[in-house]
Amino acid sequence: MDLPAIFIVSIALGIDAFSLSLGIGLSGVKRKQVYLVSIVVAIFHIIMPLIGLYLGMTLGNFVGPIAGKIGALVLIFIGAQAIWKKWRSRNEAENNSIISINHPLGLILMAISVSLDALTVGFGLGTLRVDLTLTVIIMGAVAGIMTFMGLIFGKKLNHSFGEKAELVGSLILIIIGIRLLF
């Protein structure tokens, strides 16, 4: 696989991260969160193909087909949980959400959900003649940049549309998850 092909695969892998980040950005994010989320997603887009490569050697036939479904269910859960949180916050003063980029577990779940497709790509990397280090670094960098762009664009839309943007962002997550399921 040549360098342009690696970039094309990396962009394809980063589209989920961009879409999810757009939805998160619509809910409103701080500058620190933009950088943190982008870095964590980039790291997971480096780690997951490597894990996939090693898992592919032993479990490829089992994990490969369900990895995308797991990611889809996580996205649906995050989107539904965000809508529930918003609805509940109208009725309750306290709002302690575990699935939030403000919480380490939520951030990790989000990063895993958008990098599960990179895990499945990792299954096939071992069969290709690629510079593995360069390939996963490009995948991580592209995913990180696309995450950053999605968060910034979503944040700008949030300033324009306010509370309605949060609902749209949550619905985007659910729609992406449903699309990935089927």
# chains A, B, ... in the order shown; residues from 1 in each chain; ligands from 1

call {"tool": "closest_atom_pairs", "arguments": {"of": "region 116-139 of chain A", "to": "region 46-56 of chain A", "cutoff": "8 Å", "atoms": "only C-alpha atoms", "output": "CSV"}}
result
residue,atom,partner,partner_atom,distance
A:Leu116,CA,A:Met48,CA,6.9
A:Ala118,CA,A:Pro49,CA,5.1
A:Leu119,CA,A:Gly52,CA,4.4
A:Thr120,CA,A:Gly52,CA,5.8
A:Val121,CA,A:Pro49,CA,6.1
A:Gly122,CA,A:Pro49,CA,3.8
A:Phe123,CA,A:Gly56,CA,4.4
A:Gly124,CA,A:Leu53,CA,6.9
A:Leu125,CA,A:Leu53,CA,6.3
A:Gly126,CA,A:Leu53,CA,6.0
A:Val136,CA,A:Ile46,CA,4.9
A:Ile137,CA,A:Ile46,CA,6.0
A:Met139,CA,A:Ile46,CA,6.4

call {"tool": "residues_around", "arguments": {"residues": "Met146 (chain A)", "least_positions_apart": "4", "cutoff": "10 Å", "atoms": "only C-alpha atoms", "output": "JSON, numbers by chain"}}
result
{"A": [11, 13, 14, 15, 16, 17, 18, 19, 21, 22, 38, 41, 42, 140, 141, 142, 150, 151, 152]}

call {"tool": "write_last_selection", "arguments": {"atoms": "C-alpha atoms", "output": "PDB file, in the first residue's frame"}}
result
ATOM      1  CA  ILE A  11      -9.517   9.563   6.103  1.00  0.00           C
ATOM      2  CA  LEU A  13     -11.306   5.725   9.357  1.00  0.00           C
ATOM      3  CA  GLY A  14     -11.419   9.338  10.577  1.00  0.00           C
ATOM      4  CA  ILE A  15     -14.895  10.065   9.213  1.00  0.00           C
ATOM      5  CA  ASP A  16     -16.589   8.443  12.211  1.00  0.00           C
ATOM      6  CA  ALA A  17     -14.387  10.476  14.537  1.00  0.00           C
ATOM      7  CA  PHE A  18     -15.272  13.661  12.645  1.00  0.00           C
ATOM      8  CA  SER A  19     -19.006  12.910  12.724  1.00  0.00           C
ATOM      9  CA  SER A  21     -16.903  15.056  17.237  1.00  0.00           C
ATOM     10  CA  LEU A  22     -19.285  17.268  15.324  1.00  0.00           C
ATOM     11  CA  SER A  38      -8.420  15.021  19.674  1.00  0.00           C
ATOM     12  CA  VAL A  41      -8.821   9.761  19.600  1.00  0.00           C
ATOM     13  CA  ALA A  42      -5.478  10.007  17.768  1.00  0.00           C
ATOM     14  CA  GLY A 140      -3.708   8.520  14.345  1.00  0.00           C
ATOM     15  CA  ALA A 141      -2.720  11.947  13.051  1.00  0.00           C
ATOM     16  CA  VAL A 142      -5.526  12.054  10.490  1.00  0.00           C
ATOM     17  CA  GLY A 150     -15.390  18.226  14.018  1.00  0.00           C
ATOM     18  CA  LEU A 151     -15.254  19.601  17.562  1.00  0.00           C
ATOM     19  CA  ILE A 152     -14.414  23.131  16.401  1.00  0.00           C
TER      20      ILE A 152
END

call {"tool": "atom_distance", "arguments": {"atom1": "CA of Phe44 (chain A)", "atom2": "CA of Leu107 (chain A)"}}
result
11.0 Å

call {"tool": "atom_distance", "arguments": {"atom1": "CA of Ile138 (chain A)", "atom2": "CA of Ala12 (chain A)"}}
result
12.2 Å

call {"tool": "closest_residue", "arguments": {"among": "A:Ile43, A:Ile176, A:Leu181, A:Val34", "to": "Ala111 (chain A)", "atoms": "only C-alpha atoms"}}
result
A:Ile43
